[in-house]
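Trainee: What follows is entry19.cif, made up of mmCIF, N, CA and C atoms and all ligand atoms:
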data_structure
#
loop_
_atom_site.label_atom_id
_atom_site.label_comp_id
_atom_site.auth_asym_id
_atom_site.auth_seq_id
_atom_site.Cartn_x
_atom_site.Cartn_y
_atom_site.Cartn_z
N MET J 118 -20.27 -18.39 1.70
CA MET J 118 -19.42 -17.87 0.60
C MET J 118 -19.09 -19.00 -0.38
N SER J 119 -19.17 -18.71 -1.64
CA SER J 119 -18.97 -19.75 -2.65
C SER J 119 -17.52 -20.19 -2.75
N ARG J 120 -17.31 -21.31 -3.37
CA ARG J 120 -15.96 -21.83 -3.54
C ARG J 120 -15.12 -20.89 -4.41
N ARG J 121 -15.78 -20.31 -5.40
CA ARG J 121 -15.12 -19.39 -6.30
C ARG J 121 -14.60 -18.17 -5.54
N ASN J 122 -15.41 -17.70 -4.62
CA ASN J 122 -15.02 -16.55 -3.83
C ASN J 122 -13.85 -16.85 -2.90
N THR J 123 -13.85 -18.05 -2.35
CA THR J 123 -12.77 -18.46 -1.47
C THR J 123 -11.47 -18.52 -2.26
N ALA J 124 -11.55 -19.03 -3.48
CA ALA J 124 -10.37 -19.10 -4.34
C ALA J 124 -9.87 -17.70 -4.67
N SER J 125 -10.78 -16.78 -4.92
CA SER J 125 -10.39 -15.40 -5.20
C SER J 125 -9.69 -14.80 -3.99
N LYS J 126 -10.24 -15.06 -2.82
CA LYS J 126 -9.64 -14.50 -1.61
C LYS J 126 -8.22 -15.00 -1.42
N SER J 127 -7.99 -16.29 -1.61
CA SER J 127 -6.62 -16.75 -1.38
C SER J 127 -5.68 -16.27 -2.47
N ALA J 128 -6.19 -16.08 -3.68
CA ALA J 128 -5.34 -15.55 -4.75
C ALA J 128 -4.93 -14.11 -4.44
N VAL J 129 -5.86 -13.31 -3.95
CA VAL J 129 -5.57 -11.91 -3.62
C VAL J 129 -4.58 -11.84 -2.45
N LEU J 130 -4.81 -12.67 -1.44
CA LEU J 130 -3.92 -12.65 -0.27
C LEU J 130 -2.51 -13.08 -0.66
N HIS J 131 -2.42 -14.10 -1.48
CA HIS J 131 -1.12 -14.60 -1.93
C HIS J 131 -0.37 -13.49 -2.67
N LEU J 132 -1.07 -12.81 -3.54
CA LEU J 132 -0.47 -11.75 -4.33
C LEU J 132 0.10 -10.64 -3.44
N ILE J 133 -0.65 -10.23 -2.43
CA ILE J 133 -0.19 -9.16 -1.53
C ILE J 133 0.97 -9.64 -0.67
N GLN J 134 0.90 -10.88 -0.24
CA GLN J 134 1.98 -11.37 0.62
C GLN J 134 3.27 -11.57 -0.15
N GLN J 135 3.17 -11.83 -1.45
CA GLN J 135 4.36 -12.02 -2.27
C GLN J 135 4.96 -10.69 -2.73
N SER J 136 4.17 -9.64 -2.67
CA SER J 136 4.61 -8.38 -3.23
C SER J 136 5.43 -7.61 -2.20
N ASP J 137 6.52 -6.97 -2.64
CA ASP J 137 7.30 -6.18 -1.70
C ASP J 137 6.87 -4.72 -1.71
N CYS J 138 5.83 -4.40 -2.46
CA CYS J 138 5.28 -3.05 -2.35
C CYS J 138 3.76 -3.15 -2.24
N ALA J 139 3.15 -2.05 -1.86
CA ALA J 139 1.69 -2.04 -1.69
C ALA J 139 1.00 -2.05 -3.05
N LEU J 140 -0.16 -2.64 -3.13
CA LEU J 140 -0.88 -2.75 -4.39
C LEU J 140 -2.24 -2.07 -4.29
N SER J 141 -2.62 -1.40 -5.36
CA SER J 141 -3.96 -0.83 -5.40
C SER J 141 -4.91 -1.92 -5.90
N GLN J 142 -6.17 -1.62 -5.75
CA GLN J 142 -7.21 -2.53 -6.21
C GLN J 142 -7.03 -2.83 -7.72
N GLU J 143 -6.67 -1.80 -8.50
CA GLU J 143 -6.47 -1.98 -9.94
C GLU J 143 -5.27 -2.88 -10.21
N MET J 144 -4.19 -2.69 -9.44
CA MET J 144 -3.01 -3.51 -9.64
C MET J 144 -3.31 -4.98 -9.33
N VAL J 145 -4.09 -5.20 -8.29
CA VAL J 145 -4.46 -6.57 -7.95
C VAL J 145 -5.26 -7.17 -9.11
N ALA J 146 -6.22 -6.42 -9.63
CA ALA J 146 -7.05 -6.91 -10.73
C ALA J 146 -6.19 -7.23 -11.96
N ASP J 147 -5.24 -6.35 -12.27
CA ASP J 147 -4.38 -6.58 -13.44
C ASP J 147 -3.52 -7.81 -13.27
N ARG J 148 -2.95 -7.96 -12.07
CA ARG J 148 -2.04 -9.08 -11.87
C ARG J 148 -2.74 -10.41 -11.77
N LEU J 149 -3.96 -10.40 -11.30
CA LEU J 149 -4.67 -11.67 -11.18
C LEU J 149 -5.10 -12.20 -12.54
N ARG J 150 -5.33 -11.31 -13.47
CA ARG J 150 -5.79 -11.70 -14.81
C ARG J 150 -6.97 -12.66 -14.77
N THR J 151 -7.91 -12.34 -13.90
CA THR J 151 -9.12 -13.16 -13.87
C THR J 151 -10.28 -12.22 -14.09
N ASP J 152 -11.45 -12.79 -14.11
CA ASP J 152 -12.61 -11.94 -14.34
C ASP J 152 -13.31 -11.53 -13.04
N ILE J 153 -12.62 -11.61 -11.91
CA ILE J 153 -13.25 -11.15 -10.66
C ILE J 153 -13.44 -9.64 -10.81
N ASN J 154 -14.61 -9.15 -10.48
CA ASN J 154 -14.78 -7.71 -10.70
C ASN J 154 -14.16 -6.90 -9.58
N ARG J 155 -13.91 -5.64 -9.89
CA ARG J 155 -13.13 -4.80 -8.98
C ARG J 155 -13.81 -4.56 -7.66
N SER J 156 -15.12 -4.51 -7.66
CA SER J 156 -15.77 -4.26 -6.37
C SER J 156 -15.63 -5.49 -5.47
N THR J 157 -15.56 -6.66 -6.08
CA THR J 157 -15.32 -7.88 -5.28
C THR J 157 -13.92 -7.82 -4.68
N ILE J 158 -12.94 -7.41 -5.50
CA ILE J 158 -11.56 -7.29 -5.01
C ILE J 158 -11.51 -6.28 -3.87
N TYR J 159 -12.20 -5.19 -4.04
CA TYR J 159 -12.20 -4.16 -3.00
C TYR J 159 -12.79 -4.69 -1.70
N ARG J 160 -13.87 -5.45 -1.84
CA ARG J 160 -14.49 -6.05 -0.64
C ARG J 160 -13.53 -7.02 0.04
N ILE J 161 -12.86 -7.84 -0.77
CA ILE J 161 -11.90 -8.81 -0.23
C ILE J 161 -10.78 -8.09 0.52
N LEU J 162 -10.26 -7.01 -0.10
CA LEU J 162 -9.16 -6.26 0.53
C LEU J 162 -9.60 -5.64 1.86
N ASN J 163 -10.80 -5.08 1.87
CA ASN J 163 -11.29 -4.49 3.11
C ASN J 163 -11.48 -5.53 4.19
N ARG J 164 -11.87 -6.71 3.77
CA ARG J 164 -12.03 -7.80 4.72
C ARG J 164 -10.67 -8.16 5.33
N PHE J 165 -9.63 -8.18 4.51
CA PHE J 165 -8.30 -8.50 5.00
C PHE J 165 -7.79 -7.42 5.97
N VAL J 166 -8.18 -6.17 5.72
CA VAL J 166 -7.80 -5.09 6.63
C VAL J 166 -8.45 -5.37 8.00
N GLU J 167 -9.74 -5.74 7.97
CA GLU J 167 -10.44 -6.05 9.22
C GLU J 167 -9.83 -7.27 9.92
N ASP J 168 -9.33 -8.19 9.14
CA ASP J 168 -8.75 -9.41 9.70
C ASP J 168 -7.32 -9.23 10.20
N GLY J 169 -6.73 -8.05 9.98
CA GLY J 169 -5.36 -7.82 10.42
C GLY J 169 -4.32 -8.44 9.51
N LEU J 170 -4.68 -8.72 8.27
CA LEU J 170 -3.73 -9.35 7.35
C LEU J 170 -3.04 -8.34 6.43
N VAL J 171 -3.74 -7.29 6.08
CA VAL J 171 -3.15 -6.24 5.25
C VAL J 171 -3.52 -4.88 5.85
N HIS J 172 -2.73 -3.86 5.51
CA HIS J 172 -3.07 -2.51 5.97
C HIS J 172 -3.21 -1.59 4.78
N ARG J 173 -3.98 -0.56 5.02
CA ARG J 173 -4.34 0.39 3.98
C ARG J 173 -3.31 1.52 3.97
N VAL J 174 -2.93 1.92 2.79
CA VAL J 174 -2.00 3.04 2.63
C VAL J 174 -2.69 4.04 1.71
N VAL J 175 -2.73 5.30 2.10
CA VAL J 175 -3.33 6.29 1.22
C VAL J 175 -2.19 6.99 0.48
N GLY J 176 -2.18 6.88 -0.82
CA GLY J 176 -1.11 7.46 -1.63
C GLY J 176 -1.22 8.97 -1.74
N GLU J 177 -0.21 9.53 -2.30
CA GLU J 177 -0.14 10.98 -2.49
C GLU J 177 -1.29 11.45 -3.38
N ASP J 178 -1.76 10.57 -4.25
CA ASP J 178 -2.86 10.86 -5.17
C ASP J 178 -4.23 10.60 -4.54
N GLY J 179 -4.23 10.21 -3.25
CA GLY J 179 -5.50 9.93 -2.59
C GLY J 179 -6.04 8.54 -2.85
N ARG J 180 -5.33 7.77 -3.69
CA ARG J 180 -5.77 6.42 -3.96
C ARG J 180 -5.38 5.50 -2.80
N GLN J 181 -6.11 4.39 -2.67
CA GLN J 181 -5.79 3.45 -1.61
C GLN J 181 -4.95 2.30 -2.13
N TYR J 182 -3.95 1.96 -1.34
CA TYR J 182 -3.08 0.83 -1.66
C TYR J 182 -3.11 -0.10 -0.46
N PHE J 183 -2.75 -1.34 -0.69
CA PHE J 183 -2.81 -2.32 0.39
C PHE J 183 -1.48 -3.06 0.48
N ALA J 184 -0.96 -3.16 1.70
CA ALA J 184 0.32 -3.84 1.91
C ALA J 184 0.15 -4.91 2.98
N ARG J 185 1.02 -5.91 2.94
CA ARG J 185 0.89 -6.99 3.91
C ARG J 185 1.28 -6.52 5.31
N CYS J 186 0.70 -7.17 6.30
CA CYS J 186 1.01 -6.90 7.71
C CYS J 186 1.84 -8.05 8.25
N SER J 187 2.62 -7.74 9.27
CA SER J 187 3.16 -8.86 10.02
C SER J 187 2.92 -8.59 11.49
N GLY J 188 2.36 -9.54 12.16
CA GLY J 188 2.13 -9.40 13.59
C GLY J 188 0.89 -8.60 13.96
N CYS J 189 0.00 -8.35 13.01
CA CYS J 189 -1.25 -7.66 13.34
C CYS J 189 -2.33 -8.69 13.65
N THR J 190 -3.31 -8.26 14.39
CA THR J 190 -4.44 -9.14 14.71
C THR J 190 -5.71 -8.43 14.28
N PRO J 191 -6.85 -9.15 14.24
CA PRO J 191 -8.10 -8.48 13.89
C PRO J 191 -8.42 -7.34 14.86
N GLU J 192 -7.90 -7.40 16.09
CA GLU J 192 -8.20 -6.35 17.06
C GLU J 192 -7.35 -5.10 16.83
N VAL J 193 -6.08 -5.30 16.52
CA VAL J 193 -5.22 -4.13 16.44
C VAL J 193 -4.16 -4.27 15.35
N HIS J 194 -4.01 -3.20 14.58
CA HIS J 194 -2.92 -3.09 13.62
C HIS J 194 -1.82 -2.31 14.32
N ARG J 195 -0.63 -2.85 14.34
CA ARG J 195 0.48 -2.14 14.96
C ARG J 195 1.42 -1.64 13.88
N HIS J 196 1.33 -0.37 13.56
CA HIS J 196 2.22 0.19 12.55
C HIS J 196 2.68 1.55 12.98
N ASP J 197 3.96 1.76 12.91
CA ASP J 197 4.44 3.11 13.14
C ASP J 197 5.42 3.46 12.03
N HIS J 198 5.22 2.84 10.86
CA HIS J 198 6.13 3.12 9.75
C HIS J 198 5.47 4.02 8.71
N PRO J 199 6.27 4.87 8.09
CA PRO J 199 5.73 5.69 7.00
C PRO J 199 5.75 4.90 5.68
N HIS J 200 5.16 5.48 4.67
CA HIS J 200 5.16 4.85 3.34
C HIS J 200 5.79 5.79 2.34
N PHE J 201 6.29 5.21 1.28
CA PHE J 201 6.89 6.02 0.23
C PHE J 201 6.11 5.81 -1.05
N HIS J 202 5.72 6.89 -1.68
CA HIS J 202 4.97 6.80 -2.92
C HIS J 202 5.79 7.44 -4.03
N CYS J 203 6.23 6.65 -4.99
CA CYS J 203 7.01 7.18 -6.10
C CYS J 203 6.06 7.81 -7.10
N THR J 204 6.27 9.07 -7.40
CA THR J 204 5.36 9.78 -8.29
C THR J 204 5.62 9.44 -9.76
N ALA J 205 6.75 8.77 -10.05
CA ALA J 205 7.04 8.40 -11.44
C ALA J 205 6.50 7.02 -11.78
N CYS J 206 6.85 6.00 -10.99
CA CYS J 206 6.40 4.65 -11.34
C CYS J 206 5.20 4.20 -10.50
N GLU J 207 4.71 5.06 -9.61
CA GLU J 207 3.52 4.78 -8.81
C GLU J 207 3.74 3.68 -7.77
N ARG J 208 4.99 3.33 -7.55
CA ARG J 208 5.28 2.30 -6.57
C ARG J 208 5.04 2.85 -5.16
N VAL J 209 4.35 2.06 -4.33
CA VAL J 209 4.10 2.45 -2.95
C VAL J 209 4.70 1.38 -2.07
N GLU J 210 5.61 1.77 -1.19
CA GLU J 210 6.20 0.75 -0.33
C GLU J 210 6.22 1.16 1.13
N CYS J 211 6.35 0.16 2.00
CA CYS J 211 6.45 0.39 3.43
C CYS J 211 7.91 0.71 3.75
N LEU J 212 8.15 1.73 4.55
CA LEU J 212 9.50 2.03 5.00
C LEU J 212 9.66 1.45 6.40
N SER J 213 10.84 0.95 6.69
CA SER J 213 10.97 0.26 7.97
C SER J 213 11.25 1.20 9.14
N GLU J 214 11.76 2.39 8.83
CA GLU J 214 12.10 3.34 9.89
C GLU J 214 10.82 3.85 10.58
N PRO J 215 10.66 3.63 11.88
CA PRO J 215 9.42 4.10 12.52
C PRO J 215 9.39 5.61 12.68
N VAL J 216 8.20 6.17 12.71
CA VAL J 216 8.07 7.59 13.00
C VAL J 216 7.42 7.74 14.36
N ASN J 217 7.89 8.71 15.11
CA ASN J 217 7.33 8.95 16.43
C ASN J 217 6.58 10.25 16.43
N ILE J 218 5.31 10.17 16.67
CA ILE J 218 4.49 11.37 16.70
C ILE J 218 3.87 11.46 18.08
N SER J 219 4.05 12.62 18.72
CA SER J 219 3.47 12.77 20.05
C SER J 219 2.06 13.28 19.92
N ILE J 220 1.17 12.67 20.65
CA ILE J 220 -0.21 13.15 20.66
C ILE J 220 -0.55 13.50 22.11
N PRO J 221 -1.50 14.37 22.30
CA PRO J 221 -1.81 14.80 23.67
C PRO J 221 -2.18 13.64 24.59
N ALA J 222 -1.85 13.80 25.85
CA ALA J 222 -2.19 12.78 26.84
C ALA J 222 -3.69 12.55 26.84
N GLY J 223 -4.07 11.31 26.92
CA GLY J 223 -5.49 11.00 26.92
C GLY J 223 -6.06 10.71 25.55
N TYR J 224 -5.29 11.02 24.49
CA TYR J 224 -5.75 10.71 23.14
C TYR J 224 -5.29 9.30 22.82
N ARG J 225 -5.99 8.64 21.93
CA ARG J 225 -5.59 7.31 21.55
C ARG J 225 -5.49 7.23 20.03
N ALA J 226 -4.30 6.91 19.54
CA ALA J 226 -4.09 6.83 18.10
C ALA J 226 -4.65 5.52 17.57
N GLN J 227 -5.34 5.57 16.43
CA GLN J 227 -5.85 4.34 15.83
C GLN J 227 -5.33 4.15 14.42
N PHE J 228 -4.99 5.23 13.78
CA PHE J 228 -4.55 5.12 12.40
C PHE J 228 -3.51 6.19 12.14
N LEU J 229 -2.38 5.77 11.61
CA LEU J 229 -1.32 6.72 11.30
C LEU J 229 -1.09 6.67 9.81
N ASN J 230 -1.15 7.80 9.16
CA ASN J 230 -0.91 7.80 7.72
C ASN J 230 0.15 8.83 7.39
N VAL J 231 1.38 8.35 7.24
CA VAL J 231 2.47 9.24 6.86
C VAL J 231 2.98 8.73 5.51
N THR J 232 2.82 9.51 4.48
CA THR J 232 3.27 9.10 3.17
C THR J 232 4.25 10.13 2.62
N VAL J 233 5.42 9.65 2.29
CA VAL J 233 6.43 10.51 1.70
C VAL J 233 6.33 10.29 0.20
N SER J 234 6.27 11.35 -0.59
CA SER J 234 6.24 11.12 -2.03
C SER J 234 7.48 11.71 -2.67
N GLY J 235 7.87 11.13 -3.78
CA GLY J 235 9.08 11.55 -4.48
C GLY J 235 9.47 10.49 -5.49
N LEU J 236 10.76 10.32 -5.69
CA LEU J 236 11.23 9.34 -6.66
C LEU J 236 11.91 8.19 -5.94
N CYS J 237 11.57 6.96 -6.32
CA CYS J 237 12.21 5.79 -5.73
C CYS J 237 13.62 5.64 -6.29
N GLY J 238 14.38 4.69 -5.75
CA GLY J 238 15.76 4.50 -6.17
C GLY J 238 15.90 4.31 -7.67
N ASP J 239 15.04 3.47 -8.25
CA ASP J 239 15.11 3.19 -9.69
C ASP J 239 14.83 4.45 -10.51
N CYS J 240 13.78 5.17 -10.12
CA CYS J 240 13.38 6.33 -10.90
C CYS J 240 14.37 7.48 -10.74
N SER J 241 14.95 7.67 -9.55
CA SER J 241 15.88 8.78 -9.41
C SER J 241 17.17 8.50 -10.15
N SER J 242 17.57 7.21 -10.29
CA SER J 242 18.79 6.96 -11.06
C SER J 242 18.52 7.08 -12.56
N ASP J 243 17.31 6.72 -12.99
CA ASP J 243 16.92 6.95 -14.40
C ASP J 243 17.00 8.42 -14.73
N HIS J 244 16.59 9.21 -13.74
CA HIS J 244 16.57 10.64 -13.89
C HIS J 244 17.95 11.22 -14.14
N GLU J 245 18.93 10.68 -13.40
CA GLU J 245 20.30 11.17 -13.56
C GLU J 245 20.85 10.83 -14.94
N LYS J 246 20.49 9.63 -15.43
CA LYS J 246 20.97 9.22 -16.74
C LYS J 246 20.34 10.05 -17.85
N ALA J 247 19.06 10.36 -17.69
CA ALA J 247 18.36 11.10 -18.74
C ALA J 247 17.69 12.33 -18.14
N PRO J 248 18.46 13.38 -17.89
CA PRO J 248 17.89 14.56 -17.22
C PRO J 248 16.80 15.26 -18.01
N SER J 249 16.71 15.03 -19.31
CA SER J 249 15.68 15.69 -20.10
C SER J 249 14.32 15.07 -19.92
N ALA J 250 14.29 13.78 -19.46
CA ALA J 250 13.01 13.10 -19.29
C ALA J 250 12.29 13.59 -18.05
N GLY J 251 10.99 13.83 -18.16
CA GLY J 251 10.19 14.23 -17.01
C GLY J 251 10.38 15.70 -16.71
N GLY J 252 9.32 16.35 -16.37
CA GLY J 252 9.40 17.80 -16.19
C GLY J 252 9.49 18.29 -14.77
N ARG J 253 9.62 17.39 -13.80
CA ARG J 253 9.59 17.83 -12.40
C ARG J 253 10.93 18.42 -11.96
N LYS J 254 10.87 19.51 -11.26
CA LYS J 254 12.10 20.16 -10.80
C LYS J 254 12.20 20.12 -9.29
N GLY J 255 12.31 18.94 -8.74
CA GLY J 255 12.51 18.82 -7.30
C GLY J 255 11.32 19.28 -6.50
N LEU J 256 11.53 19.43 -5.22
CA LEU J 256 10.45 19.83 -4.32
C LEU J 256 10.35 21.34 -4.28
N SER J 257 9.15 21.84 -4.25
CA SER J 257 9.04 23.27 -4.17
C SER J 257 8.56 23.67 -2.78
ZN ZN J 301 -1.42 -4.28 10.14
ZN ZN J 302 9.79 4.89 -9.05
ZN ZN J 303 3.06 -0.30 5.44
#
Could you quickly redo this structure as structure tokens?
Mentor:
Amino acid sequence: MSRRNTASKSAVLHLIQQSDCALSQEMVADRLRTDINRSTIYRILNRFVEDGLVHRVVGEDGRQYFARCSGCTPEVHRHDHPHFHCTACERVECLSEPVNISIPAGYRAQFLNVTVSGLCGDCSSDHEKAPSAGGRKGLS
């Protein structure tokens, strides 16, 4: 792997580890402000998932986001937390409250994807101040 690629990898990892919310491939590209192409970023992110450094979050829109891991190894990702996807500002974050899902005896869980969508704290308070903005009328 070239030196340039190694530098890209550490820049991407740094960005995810510094971020308190999950980032999509596009967000990483925008924030890096470099000319690394998106498929390279996607490859780097997938590599980090395999390495146990970041985990994949599937948003309400079906897009993939990536958030930092703590205590994961290349062998196993240990996550039992849901994610929150704000439909207004597109923010995706890890929630700390674990979810317990029972699966039949003999089954083995490998990936849990629980995403709650709605409005984050910032967006719901904006909403109260300006009720005319945005056309969504709660959950149906
Ligand atoms: Zn993990
Ligand atoms: Zn929001
Ligand atoms: Zn998470």
Trainee: Rank nothing, just name the residue among J:Val174, J:Val209, J:Val193, J:Val129 nearest to Tyr159 in chain J, using only C-alpha atoms.
Mentor: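 Checking each candidate against Tyr159 in chain J, we get J:Val129 as the closest.
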Trainee: What do you get as a ChimeraX atom specification if you pick all residues at most 12 Å from ligand ZN 301 (chain J), counting only C-alpha atoms and all ligand atoms?
Mentor: /J:165-174,183-198,211,227-229
Trainee: Would you put the residues from that selection into a file with N, CA and C atoms, as a PDB file, in the frame of the given file?
Mentor:
ATOM      1  N   PHE J 165      -9.630  -8.180   4.510  1.00  0.00           N
ATOM      2  CA  PHE J 165      -8.300  -8.500   5.000  1.00  0.00           C
ATOM      3  C   PHE J 165      -7.790  -7.420   5.970  1.00  0.00           C
ATOM      4  N   VAL J 166      -8.180  -6.170   5.720  1.00  0.00           N
ATOM      5  CA  VAL J 166      -7.800  -5.090   6.630  1.00  0.00           C
ATOM      6  C   VAL J 166      -8.450  -5.370   8.000  1.00  0.00           C
ATOM      7  N   GLU J 167      -9.740  -5.740   7.970  1.00  0.00           N
ATOM      8  CA  GLU J 167     -10.440  -6.050   9.220  1.00  0.00           C
ATOM      9  C   GLU J 167      -9.830  -7.270   9.920  1.00  0.00           C
ATOM     10  N   ASP J 168      -9.330  -8.190   9.140  1.00  0.00           N
ATOM     11  CA  ASP J 168      -8.750  -9.410   9.700  1.00  0.00           C
ATOM     12  C   ASP J 168      -7.320  -9.230  10.200  1.00  0.00           C
ATOM     13  N   GLY J 169      -6.730  -8.050   9.980  1.00  0.00           N
ATOM     14  CA  GLY J 169      -5.360  -7.820  10.420  1.00  0.00           C
ATOM     15  C   GLY J 169      -4.320  -8.440   9.510  1.00  0.00           C
ATOM     16  N   LEU J 170      -4.680  -8.720   8.270  1.00  0.00           N
ATOM     17  CA  LEU J 170      -3.730  -9.350   7.350  1.00  0.00           C
ATOM     18  C   LEU J 170      -3.040  -8.340   6.430  1.00  0.00           C
ATOM     19  N   VAL J 171      -3.740  -7.290   6.080  1.00  0.00           N
ATOM     20  CA  VAL J 171      -3.150  -6.240   5.250  1.00  0.00           C
ATOM     21  C   VAL J 171      -3.520  -4.880   5.850  1.00  0.00           C
ATOM     22  N   HIS J 172      -2.730  -3.860   5.510  1.00  0.00           N
ATOM     23  CA  HIS J 172      -3.070  -2.510   5.970  1.00  0.00           C
ATOM     24  C   HIS J 172      -3.210  -1.590   4.780  1.00  0.00           C
ATOM     25  N   ARG J 173      -3.980  -0.560   5.020  1.00  0.00           N
ATOM     26  CA  ARG J 173      -4.340   0.390   3.980  1.00  0.00           C
ATOM     27  C   ARG J 173      -3.310   1.520   3.970  1.00  0.00           C
ATOM     28  N   VAL J 174      -2.930   1.920   2.790  1.00  0.00           N
ATOM     29  CA  VAL J 174      -2.000   3.040   2.630  1.00  0.00           C
ATOM     30  C   VAL J 174      -2.690   4.040   1.710  1.00  0.00           C
ATOM     31  N   PHE J 183      -2.750  -1.340  -0.690  1.00  0.00           N
ATOM     32  CA  PHE J 183      -2.810  -2.320   0.390  1.00  0.00           C
ATOM     33  C   PHE J 183      -1.480  -3.060   0.480  1.00  0.00           C
ATOM     34  N   ALA J 184      -0.960  -3.160   1.700  1.00  0.00           N
ATOM     35  CA  ALA J 184       0.320  -3.840   1.910  1.00  0.00           C
ATOM     36  C   ALA J 184       0.150  -4.910   2.980  1.00  0.00           C
ATOM     37  N   ARG J 185       1.020  -5.910   2.940  1.00  0.00           N
ATOM     38  CA  ARG J 185       0.890  -6.990   3.910  1.00  0.00           C
ATOM     39  C   ARG J 185       1.280  -6.520   5.310  1.00  0.00           C
ATOM     40  N   CYS J 186       0.700  -7.170   6.300  1.00  0.00           N
ATOM     41  CA  CYS J 186       1.010  -6.900   7.710  1.00  0.00           C
ATOM     42  C   CYS J 186       1.840  -8.050   8.250  1.00  0.00           C
ATOM     43  N   SER J 187       2.620  -7.740   9.270  1.00  0.00           N
ATOM     44  CA  SER J 187       3.160  -8.860  10.020  1.00  0.00           C
ATOM     45  C   SER J 187       2.920  -8.590  11.490  1.00  0.00           C
ATOM     46  N   GLY J 188       2.360  -9.540  12.160  1.00  0.00           N
ATOM     47  CA  GLY J 188       2.130  -9.400  13.590  1.00  0.00           C
ATOM     48  C   GLY J 188       0.890  -8.600  13.960  1.00  0.00           C
ATOM     49  N   CYS J 189       0.000  -8.350  13.010  1.00  0.00           N
ATOM     50  CA  CYS J 189      -1.250  -7.660  13.340  1.00  0.00           C
ATOM     51  C   CYS J 189      -2.330  -8.690  13.650  1.00  0.00           C
ATOM     52  N   THR J 190      -3.310  -8.260  14.390  1.00  0.00           N
ATOM     53  CA  THR J 190      -4.440  -9.140  14.710  1.00  0.00           C
ATOM     54  C   THR J 190      -5.710  -8.430  14.280  1.00  0.00           C
ATOM     55  N   PRO J 191      -6.850  -9.150  14.240  1.00  0.00           N
ATOM     56  CA  PRO J 191      -8.100  -8.480  13.890  1.00  0.00           C
ATOM     57  C   PRO J 191      -8.420  -7.340  14.860  1.00  0.00           C
ATOM     58  N   GLU J 192      -7.900  -7.400  16.090  1.00  0.00           N
ATOM     59  CA  GLU J 192      -8.200  -6.350  17.060  1.00  0.00           C
ATOM     60  C   GLU J 192      -7.350  -5.100  16.830  1.00  0.00           C
ATOM     61  N   VAL J 193      -6.080  -5.300  16.520  1.00  0.00           N
ATOM     62  CA  VAL J 193      -5.220  -4.130  16.440  1.00  0.00           C
ATOM     63  C   VAL J 193      -4.160  -4.270  15.350  1.00  0.00           C
ATOM     64  N   HIS J 194      -4.010  -3.200  14.580  1.00  0.00           N
ATOM     65  CA  HIS J 194      -2.920  -3.090  13.620  1.00  0.00           C
ATOM     66  C   HIS J 194      -1.820  -2.310  14.320  1.00  0.00           C
ATOM     67  N   ARG J 195      -0.630  -2.850  14.340  1.00  0.00           N
ATOM     68  CA  ARG J 195       0.480  -2.140  14.960  1.00  0.00           C
ATOM     69  C   ARG J 195       1.420  -1.640  13.880  1.00  0.00           C
ATOM     70  N   HIS J 196       1.330  -0.370  13.560  1.00  0.00           N
ATOM     71  CA  HIS J 196       2.220   0.190  12.550  1.00  0.00           C
ATOM     72  C   HIS J 196       2.680   1.550  12.980  1.00  0.00           C
ATOM     73  N   ASP J 197       3.960   1.760  12.910  1.00  0.00           N
ATOM     74  CA  ASP J 197       4.440   3.110  13.140  1.00  0.00           C
ATOM     75  C   ASP J 197       5.420   3.460  12.030  1.00  0.00           C
ATOM     76  N   HIS J 198       5.220   2.840  10.860  1.00  0.00           N
ATOM     77  CA  HIS J 198       6.130   3.120   9.750  1.00  0.00           C
ATOM     78  C   HIS J 198       5.470   4.020   8.710  1.00  0.00           C
ATOM     79  N   CYS J 211       6.350   0.160   2.000  1.00  0.00           N
ATOM     80  CA  CYS J 211       6.450   0.390   3.430  1.00  0.00           C
ATOM     81  C   CYS J 211       7.910   0.710   3.750  1.00  0.00           C
ATOM     82  N   GLN J 227      -5.340   5.570  16.430  1.00  0.00           N
ATOM     83  CA  GLN J 227      -5.850   4.340  15.830  1.00  0.00           C
ATOM     84  C   GLN J 227      -5.330   4.150  14.420  1.00  0.00           C
ATOM     85  N   PHE J 228      -4.990   5.230  13.780  1.00  0.00           N
ATOM     86  CA  PHE J 228      -4.550   5.120  12.400  1.00  0.00           C
ATOM     87  C   PHE J 228      -3.510   6.190  12.140  1.00  0.00           C
ATOM     88  N   LEU J 229      -2.380   5.770  11.610  1.00  0.00           N
ATOM     89  CA  LEU J 229      -1.320   6.720  11.300  1.00  0.00           C
ATOM     90  C   LEU J 229      -1.090   6.670   9.810  1.00  0.00           C
TER      91      LEU J 229
END
Trainee: Out of J:Arg225, J:His200, J:His131, J:Arg150, which residue has the shortest atom-to-atom distance to ligand ZN 303 (chain J) when counting all atoms listed in the file?
Mentor: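 Among the listed residues, the smallest separation from ligand ZN 303 (chain J) belongs to J:His200.
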Trainee: Given the choices J:Asp137, J:Glu210, J:Asp243, J:Glu143, which gets closest to ligand ZN 303 (chain J) if the distance is worked out from all atoms listed in the file?
Mentor: J:Glu210
Trainee: Could you give me the residues within range 168-232 of chain J that DSSP places in strand (DSSP E), as a list in words?
Mentor: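 Put together, the selection reads Val171, His172, Arg173, Val174, Val175, Gln181, Tyr182, Phe183, Ala184, Arg185, His200, Phe201, His202, Cys203, Val209, Glu210, Cys211 and Thr232 of chain J.
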Trainee: At what distance in Å, to one decimal, does CA of Arg208 in chain J lie from CA of Lys126 in chain J?
Mentor: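 Distance between the two atoms: 23.0 Å.
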Trainee: Given the choices J:Asn154, J:Ser213, J:Thr204, J:Ser141, which gets closest to ligand ZN 303 (chain J) if the distance is worked out from only N, CA and C atoms and all ligand atoms?
Mentor: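 Smallest separation from ligand ZN 303 (chain J) among the options: J:Ser213.
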Trainee: Can you measure CA of Thr232 in chain J to CA of Phe201 in chain J for me? One decimal in Å is fine.
Mentor: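 Separating CA of Thr232 in chain J from CA of Phe201 in chain J is a distance of 5.6 Å.
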Trainee: Using only N, CA and C atoms and all ligand atoms, what are the residues with an atom within 6.5 Å of ligand ZN 302 (chain J), set out as JSON, numbers by chain?
Mentor: {"J": [203, 204, 205, 206, 207, 208, 236, 237, 238, 239, 240, 241]}
Trainee: As an exercise, work out the distance from atom C of Ala124 in chain J to atom C of Asn163 in chain J in Å and give it to one decimal place.
Mentor: 15.1 Å
